[in-house]
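What's in structure.tsv: TSV, C-alpha atoms
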```
chain	number	residue	atom	x	y	z
A	13	MET	CA	83.92	127.69	64.23
A	14	SER	CA	86.06	130.59	63.13
A	15	GLU	CA	83.27	133.18	63.39
A	16	LEU	CA	83.00	132.43	67.10
A	17	ARG	CA	86.53	133.49	67.89
A	18	GLN	CA	87.90	136.92	68.54
A	19	SER	CA	90.39	136.35	65.78
A	20	PRO	CA	91.92	133.22	64.38
A	21	GLU	CA	95.36	134.28	65.60
A	22	ALA	CA	94.21	134.92	69.18
A	23	HIS	CA	92.62	131.52	69.34
A	24	GLU	CA	95.66	129.87	67.89
A	25	GLN	CA	97.75	131.25	70.73
A	26	ILE	CA	95.45	129.78	73.38
A	27	HIS	CA	95.15	126.27	72.02
A	28	HIS	CA	97.31	124.36	69.72
A	29	VAL	CA	95.09	121.41	68.78
A	30	ILE	CA	97.26	118.33	68.78
A	31	SER	CA	96.35	115.85	66.04
A	32	LEU	CA	94.79	112.50	66.87
A	33	LYS	CA	97.76	110.82	65.23
A	34	THR	CA	100.16	112.47	67.66
A	35	TYR	CA	98.07	111.41	70.67
A	36	MET	CA	97.93	107.82	69.44
A	37	ALA	CA	101.68	107.78	68.76
A	38	ILE	CA	102.41	109.05	72.28
A	39	TYR	CA	100.01	106.49	73.76
A	40	ALA	CA	101.67	103.68	71.79
A	41	ALA	CA	105.11	104.86	72.89
A	42	LEU	CA	103.97	104.88	76.53
A	43	LEU	CA	102.65	101.32	76.26
A	44	VAL	CA	105.87	100.12	74.60
A	45	LEU	CA	107.93	101.76	77.35
A	46	LEU	CA	105.69	100.19	79.99
A	47	VAL	CA	106.24	96.71	78.57
A	48	ALA	CA	109.96	97.49	78.21
A	49	THR	CA	110.30	98.41	81.87
A	50	VAL	CA	108.58	95.18	82.98
A	51	LEU	CA	110.73	93.06	80.65
A	52	ALA	CA	113.86	94.88	81.85
A	53	SER	CA	112.96	93.92	85.42
A	54	GLU	CA	113.39	90.27	84.39
A	55	LEU	CA	116.94	90.81	83.15
A	56	PRO	CA	119.73	89.24	85.21
A	57	ILE	CA	121.45	92.51	86.11
A	58	SER	CA	122.46	94.05	89.43
A	59	ARG	CA	120.00	95.81	91.72
A	60	SER	CA	121.41	99.25	91.06
A	61	ALA	CA	121.30	98.61	87.31
A	62	HIS	CA	117.62	97.61	87.68
A	63	LEU	CA	116.91	100.84	89.53
A	64	PHE	CA	118.77	102.88	86.93
A	65	VAL	CA	116.94	101.28	83.96
A	66	ALA	CA	113.52	101.53	85.64
A	67	MET	CA	114.00	105.19	86.56
A	68	THR	CA	115.37	106.12	83.13
A	69	ILE	CA	112.29	104.64	81.44
A	70	ALA	CA	110.00	106.32	83.99
A	71	VAL	CA	111.58	109.71	83.29
A	72	ILE	CA	111.14	109.24	79.53
A	73	LYS	CA	107.46	108.34	80.06
A	74	ALA	CA	106.98	111.32	82.37
A	75	VAL	CA	108.51	113.71	79.83
A	76	LEU	CA	106.24	112.37	77.06
A	77	ILE	CA	103.14	112.75	79.26
A	78	MET	CA	104.10	116.28	80.34
A	79	LEU	CA	105.05	117.54	76.88
A	80	PHE	CA	102.08	116.17	74.96
A	81	PHE	CA	99.22	115.00	77.21
A	82	MET	CA	99.73	118.01	79.47
A	83	HIS	CA	100.46	120.29	76.49
A	84	VAL	CA	103.59	121.79	78.04
A	85	TYR	CA	105.30	121.68	74.66
A	86	TYR	CA	102.73	124.14	73.28
A	87	SER	CA	102.38	126.23	76.45
A	88	ALA	CA	103.52	129.68	77.49
A	89	PRO	CA	107.02	130.17	78.97
A	90	LEU	CA	105.57	130.60	82.46
A	91	ILE	CA	104.14	127.08	82.30
A	92	TRP	CA	107.51	125.75	81.19
A	93	ILE	CA	109.19	127.46	84.14
A	94	THR	CA	106.68	126.05	86.62
A	95	ALA	CA	106.87	122.53	85.20
A	96	VAL	CA	110.65	122.49	85.01
A	97	GLY	CA	110.87	124.20	88.41
A	98	SER	CA	108.92	121.43	90.11
A	99	ILE	CA	111.29	118.87	88.59
A	100	VAL	CA	114.29	120.88	89.78
A	101	TRP	CA	113.01	120.75	93.36
A	102	VAL	CA	112.63	116.99	93.18
A	103	ALA	CA	116.13	116.71	91.70
A	104	LEU	CA	117.54	118.78	94.58
A	105	LEU	CA	115.74	116.66	97.17
A	106	ILE	CA	116.72	113.30	95.69
A	107	GLY	CA	120.20	114.45	94.65
A	108	PHE	CA	121.27	115.71	98.06
A	109	LEU	CA	119.69	112.76	99.87
A	110	LEU	CA	121.57	110.33	97.65
A	111	ALA	CA	124.82	112.28	97.99
A	112	ASP	CA	124.48	112.16	101.77
A	113	ASN	CA	123.54	108.49	101.76
A	114	TRP	CA	126.46	107.64	99.50
A	115	SER	CA	129.17	109.64	101.29
A	116	ARG	CA	128.07	108.99	104.86
A	117	ASP	CA	130.66	106.29	105.56
A	118	TRP	CA	133.62	108.25	104.23
A	119	LEU	CA	134.42	109.98	107.50
A	120	ASN	CA	134.39	108.01	110.70
A	121	ILE	CA	132.37	110.50	112.68
A	122	LEU	CA	130.62	109.34	115.85
A	123	GLY	CA	126.84	109.36	115.56
A	124	LYS	CA	126.86	109.80	111.79
B	12	MET	CA	79.17	138.81	83.26
B	13	SER	CA	79.27	137.56	86.83
B	14	MET	CA	77.26	134.44	85.99
B	15	PRO	CA	78.43	133.83	82.47
B	16	SER	CA	77.39	130.24	82.05
B	17	THR	CA	73.70	130.82	82.68
B	18	ILE	CA	73.49	134.01	80.62
B	19	THR	CA	75.16	132.64	77.53
B	20	PRO	CA	72.70	130.88	75.27
B	21	PRO	CA	73.41	127.16	75.32
B	22	ASP	CA	75.58	125.66	72.63
B	23	SER	CA	76.96	128.99	71.43
B	24	GLY	CA	80.39	127.45	71.77
B	25	ARG	CA	81.98	130.78	72.57
B	26	GLN	CA	84.09	131.09	75.65
B	27	ASP	CA	83.09	133.88	78.04
B	28	LEU	CA	85.67	136.42	79.09
B	29	LEU	CA	85.47	137.39	82.77
B	30	HIS	CA	85.72	141.14	83.25
B	31	HIS	CA	88.97	141.13	85.21
B	32	PHE	CA	90.94	139.59	82.33
B	33	ASP	CA	92.21	141.43	79.27
B	34	ASP	CA	91.57	138.65	76.82
B	35	LEU	CA	90.85	134.94	76.58
B	36	GLU	CA	94.52	134.10	76.35
B	37	GLN	CA	95.28	135.79	79.65
B	38	GLN	CA	92.24	134.14	81.24
B	39	HIS	CA	93.36	130.72	80.08
B	40	LEU	CA	96.96	131.27	81.17
B	41	SER	CA	95.83	132.30	84.66
B	42	SER	CA	93.94	129.05	85.09
B	43	SER	CA	96.83	127.01	83.73
B	44	LEU	CA	99.35	128.69	85.96
B	45	GLY	CA	97.20	128.18	89.05
B	46	MET	CA	96.76	124.51	88.24
B	47	TRP	CA	100.49	124.07	87.62
B	48	PHE	CA	101.34	125.69	90.96
B	49	PHE	CA	98.99	123.26	92.66
B	50	LEU	CA	100.60	120.37	90.78
B	51	ALA	CA	104.08	121.59	91.78
B	52	SER	CA	103.02	121.38	95.44
B	53	GLU	CA	101.68	117.88	94.78
B	54	VAL	CA	104.99	116.91	93.20
B	55	MET	CA	106.78	117.94	96.40
B	56	PHE	CA	104.31	115.96	98.51
B	57	PHE	CA	104.81	112.74	96.54
B	58	SER	CA	108.56	113.16	96.12
B	59	GLY	CA	108.96	113.42	99.90
B	60	LEU	CA	107.22	110.06	100.26
B	61	ILE	CA	109.25	108.47	97.49
B	62	ALA	CA	112.54	109.89	98.81
B	63	SER	CA	111.98	108.44	102.29
B	64	TYR	CA	111.03	105.12	100.70
B	65	MET	CA	114.30	105.10	98.72
B	66	LEU	CA	116.40	105.86	101.81
B	67	TYR	CA	114.91	103.00	103.83
B	68	ARG	CA	115.32	100.77	100.84
B	69	PHE	CA	119.05	101.59	100.69
B	70	TRP	CA	119.30	100.92	104.40
B	71	SER	CA	117.70	97.42	104.34
B	72	PRO	CA	117.86	96.25	100.73
B	73	GLU	CA	117.23	92.59	101.57
B	74	ALA	CA	114.11	93.24	103.68
B	75	PHE	CA	112.63	95.50	100.99
B	76	HIS	CA	113.58	93.06	98.25
B	77	LEU	CA	111.76	90.20	100.01
B	78	ALA	CA	108.73	92.35	100.77
B	79	SER	CA	108.38	93.71	97.25
B	80	ALA	CA	108.42	90.14	95.90
B	81	HIS	CA	104.87	89.93	97.31
B	82	MET	CA	103.63	92.54	94.81
B	83	ASP	CA	102.22	91.00	91.64
B	84	LYS	CA	103.96	92.89	88.86
B	85	TRP	CA	101.75	91.42	86.11
B	86	VAL	CA	98.59	92.66	87.76
B	87	GLY	CA	100.41	95.96	88.19
B	88	LEU	CA	101.36	95.95	84.50
B	89	ALA	CA	97.75	95.49	83.42
B	90	ASN	CA	96.62	98.18	85.81
B	91	THR	CA	99.26	100.63	84.58
B	92	GLY	CA	98.05	100.01	81.04
B	93	VAL	CA	94.49	100.79	82.12
B	94	LEU	CA	95.63	104.03	83.76
B	95	LEU	CA	97.62	105.10	80.67
B	96	THR	CA	94.53	104.43	78.57
B	97	SER	CA	92.45	106.62	80.86
B	98	SER	CA	95.05	109.34	80.35
B	99	LEU	CA	94.64	108.99	76.59
B	100	THR	CA	90.84	109.28	76.74
B	101	MET	CA	91.21	112.31	79.01
B	102	ALA	CA	93.56	113.94	76.50
B	103	LEU	CA	91.01	113.16	73.77
B	104	ALA	CA	88.24	114.76	75.87
B	105	VAL	CA	90.33	117.92	76.11
B	106	ARG	CA	90.89	117.78	72.36
B	107	CYS	CA	87.12	117.50	71.81
B	108	THR	CA	86.60	120.72	73.80
B	109	GLN	CA	89.03	122.43	71.44
B	110	VAL	CA	87.31	121.27	68.26
B	111	GLY	CA	83.81	121.70	69.71
B	112	ASP	CA	82.66	118.08	69.75
B	113	ARG	CA	80.27	117.95	72.70
B	114	LYS	CA	79.34	114.26	72.32
B	115	GLY	CA	83.02	113.42	72.17
B	116	ILE	CA	83.68	115.34	75.38
B	117	VAL	CA	81.03	113.45	77.33
B	118	ARG	CA	81.94	110.09	75.82
B	119	ASN	CA	85.65	110.46	76.52
B	120	LEU	CA	85.07	111.73	80.05
B	121	LEU	CA	82.84	108.74	80.80
B	122	LEU	CA	85.43	106.37	79.32
B	123	THR	CA	88.10	107.97	81.50
B	124	ALA	CA	85.94	107.46	84.59
B	125	LEU	CA	85.29	103.86	83.55
B	126	PHE	CA	89.02	103.07	83.23
B	127	ALA	CA	89.69	104.82	86.52
B	128	VAL	CA	87.09	102.72	88.31
B	129	ALA	CA	88.59	99.59	86.73
B	130	PHE	CA	92.01	100.61	88.07
B	131	LEU	CA	90.60	101.16	91.56
B	132	GLY	CA	88.80	97.80	91.42
B	133	VAL	CA	92.00	95.94	90.59
B	134	LYS	CA	93.81	97.90	93.30
B	135	ALA	CA	91.14	96.86	95.82
B	136	TYR	CA	91.60	93.23	94.73
B	137	GLU	CA	95.36	93.51	95.31
B	138	TYR	CA	94.78	95.04	98.74
B	139	ARG	CA	92.43	92.20	99.64
B	140	VAL	CA	94.96	89.53	98.70
B	141	GLU	CA	97.65	91.26	100.75
B	142	ILE	CA	95.39	91.79	103.75
B	143	ASN	CA	94.33	88.13	103.63
B	144	HIS	CA	98.02	87.17	103.76
B	145	ASN	CA	98.41	89.22	106.94
B	146	LEU	CA	100.58	91.73	105.11
B	147	PHE	CA	98.70	94.84	106.21
B	148	PRO	CA	100.95	96.72	108.68
B	149	GLY	CA	99.75	96.74	112.25
B	150	PRO	CA	99.06	94.27	115.06
B	151	ASN	CA	97.92	91.59	112.60
B	152	PHE	CA	101.03	91.79	110.44
B	153	ILE	CA	102.91	88.49	110.22
B	154	VAL	CA	106.25	87.98	108.47
B	155	PRO	CA	105.64	84.84	106.37
B	156	GLY	CA	107.31	81.82	107.98
B	157	SER	CA	107.72	83.40	111.40
B	158	PRO	CA	106.62	81.47	114.54
B	159	ARG	CA	103.46	83.60	114.57
B	160	ASP	CA	102.54	82.47	111.06
B	161	PRO	CA	99.65	79.96	111.26
B	162	HIS	CA	100.76	78.44	107.92
B	163	ALA	CA	104.40	78.20	108.96
B	164	SER	CA	105.00	74.70	107.56
B	165	PRO	CA	107.66	74.86	104.83
B	166	GLY	CA	105.32	73.58	102.11
B	167	HIS	CA	102.85	76.34	102.80
B	168	ALA	CA	105.47	79.04	102.78
B	169	GLU	CA	106.58	78.05	99.30
B	170	ALA	CA	103.02	77.87	98.00
B	171	GLY	CA	102.45	81.33	99.37
B	172	ALA	CA	105.46	82.71	97.55
B	173	SER	CA	104.55	81.16	94.20
B	174	ASP	CA	101.03	82.52	94.65
B	175	HIS	CA	102.49	85.90	93.87
B	176	GLY	CA	104.03	84.88	90.57
B	177	GLU	CA	107.52	84.81	92.04
B	178	GLY	CA	108.65	81.32	91.09
B	179	GLY	CA	112.27	82.33	91.50
B	180	HIS	CA	111.89	82.37	95.25
B	181	GLY	CA	114.04	79.25	95.22
B	182	GLY	CA	114.92	76.88	98.00
B	183	GLY	CA	111.53	77.26	99.64
B	184	ALA	CA	113.07	79.35	102.44
B	185	SER	CA	110.49	81.59	104.01
B	186	ASP	CA	110.86	85.35	104.25
B	187	TYR	CA	111.50	84.92	107.98
B	188	GLU	CA	114.38	82.51	107.30
B	189	ARG	CA	115.86	84.77	104.65
B	190	LEU	CA	115.67	87.81	106.91
B	191	ARG	CA	117.49	85.82	109.58
B	192	GLN	CA	120.22	84.90	107.07
B	193	ALA	CA	120.52	88.53	106.04
B	194	SER	CA	121.11	89.42	109.71
B	195	MET	CA	124.16	87.17	110.16
B	196	VAL	CA	127.26	88.83	111.59
B	197	ASP	CA	130.36	86.61	111.80
B	198	GLY	CA	128.27	83.44	111.45
B	199	GLN	CA	125.86	84.42	114.24
B	200	VAL	CA	122.44	86.03	114.12
B	201	ASP	CA	122.65	89.61	115.30
B	202	GLU	CA	119.32	89.82	117.17
B	203	GLN	CA	119.16	93.59	116.90
B	204	GLU	CA	119.79	93.48	113.16
B	205	PHE	CA	117.27	90.64	112.75
B	206	SER	CA	114.64	92.61	114.62
B	207	ARG	CA	115.34	95.68	112.49
B	208	ASN	CA	115.14	93.66	109.27
B	209	GLN	CA	111.74	92.30	110.31
B	210	GLY	CA	110.64	95.83	111.09
B	211	HIS	CA	111.82	97.08	107.71
B	212	PHE	CA	110.09	94.16	105.99
B	213	GLN	CA	106.86	95.49	107.49
B	214	LEU	CA	107.91	99.06	106.70
B	215	MET	CA	107.88	98.23	102.98
B	216	PHE	CA	104.17	97.50	103.35
B	217	VAL	CA	103.66	100.75	105.25
B	218	PHE	CA	105.15	102.59	102.28
B	219	TYR	CA	103.24	100.45	99.81
B	220	PHE	CA	99.83	100.97	101.39
B	221	PHE	CA	100.43	104.63	102.13
B	222	ILE	CA	101.76	105.63	98.70
B	223	THR	CA	99.23	103.60	96.69
B	224	GLY	CA	96.48	104.62	99.12
B	225	ILE	CA	97.20	108.33	98.72
B	226	HIS	CA	97.39	107.79	94.98
B	227	ALA	CA	94.03	105.98	95.00
B	228	PHE	CA	92.58	108.82	97.07
B	229	HIS	CA	93.68	111.28	94.37
B	230	MET	CA	92.03	109.03	91.78
B	231	ILE	CA	88.74	108.91	93.70
B	232	ILE	CA	88.67	112.71	93.78
B	233	GLY	CA	89.48	112.67	90.06
B	234	VAL	CA	86.65	110.24	89.23
B	235	VAL	CA	84.13	112.38	91.14
B	236	LEU	CA	85.27	115.50	89.28
B	237	ILE	CA	85.28	113.73	85.89
B	238	LEU	CA	81.71	112.49	86.37
B	239	LEU	CA	80.62	115.95	87.54
B	240	PHE	CA	82.25	117.58	84.52
B	241	ALA	CA	80.65	115.03	82.19
B	242	VAL	CA	77.23	115.96	83.57
B	243	LEU	CA	78.00	119.68	83.32
B	244	ALA	CA	79.27	119.29	79.75
B	245	GLN	CA	76.11	117.37	78.84
B	246	MET	CA	74.00	120.16	80.46
B	247	ARG	CA	75.94	122.74	78.43
B	248	TRP	CA	76.83	124.47	81.65
B	249	PHE	CA	80.30	125.56	80.49
B	250	SER	CA	80.93	128.31	78.00
B	251	GLY	CA	83.17	127.49	75.07
B	252	TYR	CA	82.69	123.73	75.59
B	253	GLY	CA	84.53	124.04	78.90
B	254	GLN	CA	87.87	124.31	77.13
B	255	THR	CA	89.63	125.81	80.12
B	256	GLN	CA	87.86	123.85	82.87
B	257	ILE	CA	88.19	120.44	81.26
B	258	GLU	CA	91.81	121.13	80.33
B	259	MET	CA	92.59	121.88	83.99
B	260	LEU	CA	90.85	118.67	85.04
B	261	GLY	CA	92.96	116.92	82.41
B	262	LEU	CA	96.16	118.36	83.89
B	263	TYR	CA	95.19	116.94	87.28
B	264	TRP	CA	94.38	113.57	85.78
B	265	HIS	CA	97.65	113.34	83.83
B	266	PHE	CA	99.48	114.25	87.03
B	267	VAL	CA	97.86	111.30	88.82
B	268	ASP	CA	99.01	109.11	85.92
B	269	LEU	CA	102.49	110.64	86.15
B	270	VAL	CA	102.79	109.71	89.82
B	271	TRP	CA	101.90	106.13	89.01
B	272	VAL	CA	104.56	106.05	86.27
B	273	PHE	CA	107.13	106.38	89.08
B	274	VAL	CA	105.29	104.49	91.81
B	275	TYR	CA	104.75	101.33	89.77
B	276	PRO	CA	108.42	100.54	89.01
B	277	LEU	CA	109.58	101.66	92.46
B	278	LEU	CA	107.13	99.47	94.38
B	279	TYR	CA	106.63	96.51	92.04
B	280	LEU	CA	109.67	96.20	89.80
B	281	VAL	CA	112.99	97.27	91.30
B	282	GLU	CA	114.81	94.51	93.12
```
Step by step, read the file and then write its structure as structure tokens.
Amino acid sequence: MSELRQSPEAHEQIHHVISLKTYMAIYAALLVLLVATVLASELPISRSAHLFVAMTIAVIKAVLIMLFFMHVYYSAPLIWITAVGSIVWVALLIGFLLADNWSRDWLNILGK
Amino acid sequence: MSMPSTITPPDSGRQDLLHHFDDLEQQHLSSSLGMWFFLASEVMFFSGLIASYMLYRFWSPEAFHLASAHMDKWVGLANTGVLLTSSLTMALAVRCTQVGDRKGIVRNLLLTALFAVAFLGVKAYEYRVEINHNLFPGPNFIVPGSPRDPHASPGHAEAGASDHGEGGHGGGASDYERLRQASMVDGQVDEQEFSRNQGHFQLMFVFYFFITGIHAFHMIIGVVLILLFAVLAQMRWFSGYGQTQIEMLGLYWHFVDLVWVFVYPLLYLVE
């Protein structure tokens, strides 16, 4: 294959080929986390604790998928900025909504 | 170089460089960045839906809790596994473009499409069960156990609940009864609260059908594109084994998987 490329270095910068072993390990980790989140939903804990556990596991799965299946880990800085930026917007949206929802009853304002 | 794919001799395996790019790296980065911008807009679209779902859930926790007990989490578990597997085969297809394995590309793309269709089939089965239980929002929606419910006898209500793998629905009280209990203020039913709780019970299904429906719509688009790309890869239509094109398709597909990673626990699992 190497004679088809402009130079080995140039090609290396475009694609880092992730090994099959890594893909399988990520896949196995995702399946384990999936089973873990379902089993955790059977635990006798409070509703907010359920939400917290489920979302923590979902975030871990999402990070694994983004870093390896979507190759962000091996991508250019611009891709990192875009990927992280989209997460930041979601965090702002959810964060401020939750802050509002949580603190709404603090002040007894009419029509709150 | 305006029609690179037809000019390049088939199977050369070399990626064409379009004239307005400096080098292959820049060409590839441009495609990636465009796809990521699109995905960022998709993230905002789905997070708006999920955020409104969370707010209503905080407002009427009991109504949403009762409604989400109608989702079968074990079917959802199997389906999530199928979708994760399709993500793996898609990642392997992208890897095959990088190492120049054309048979592997086509095989993995077809496998991905197969898993995707399996997911959609199971989803359709779940929809059918819910629609048959009058749980599709609209004029035919019936809160189980309400006076409008044709199977309102207590025995039936309990059988209906255990149908959905929720044995812990103890006491045999119907959803209607439980919503009424959740609407008690000072030992009396607050009719306004009761009416709102029934509305929010139905609203859970609005969110459920809308979020999973939009997700399924994204998957249908994905399946069409995957099959198209499999044909094109088989025809040797792409230059350089379609490294860039199939990787972009892969990004889209992993994004669809990513959405489900959040949708599944939020709709099926959280209490």
Q. When the cut-off is 9 Å and we count only C-alpha atoms, which residues of chain A are near chain B, given as a ChimeraX atom specification?
A. /A:13,16-18,22-23,25-32,35-36,38-39,42-43,46-47,49-50,53-54,58-60,62-63,66-67,70-71,73-74,77-78,80-83,87-88,90-91,94-95,97-99,101-102,105-106,109-110,113
Q) Which residues come within 6 Å of segment 149-160 of chain B, counting all atoms listed in the file, excluding same-chain residues fewer than 2 positions away, as an MDAnalysis selection string? A) chainID B and resid 145:147 162:163 185:187
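We find atom CA of Glu188 of chain B and atom CA of Glu73 of chain B to be spaced 11.9 Å apart.
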Q: May I ask for the distance between atom CA of Pro148 of chain B and atom CA of Val93 of chain B, given in Å to one decimal place?
A: 27.6 Å
Q. What does the distance between atom CA of Lys114 of chain B and atom CA of Trp248 of chain B come to in Å, to one decimal place?
A. 14.1 Å
**Q.** Near-Glu137 of chain B list (10 Å; all atoms listed in the file; drop same-chain fewer than 6 positions) as number ranges by chain
**A.** B: 82-83, 86-87, 131, 143
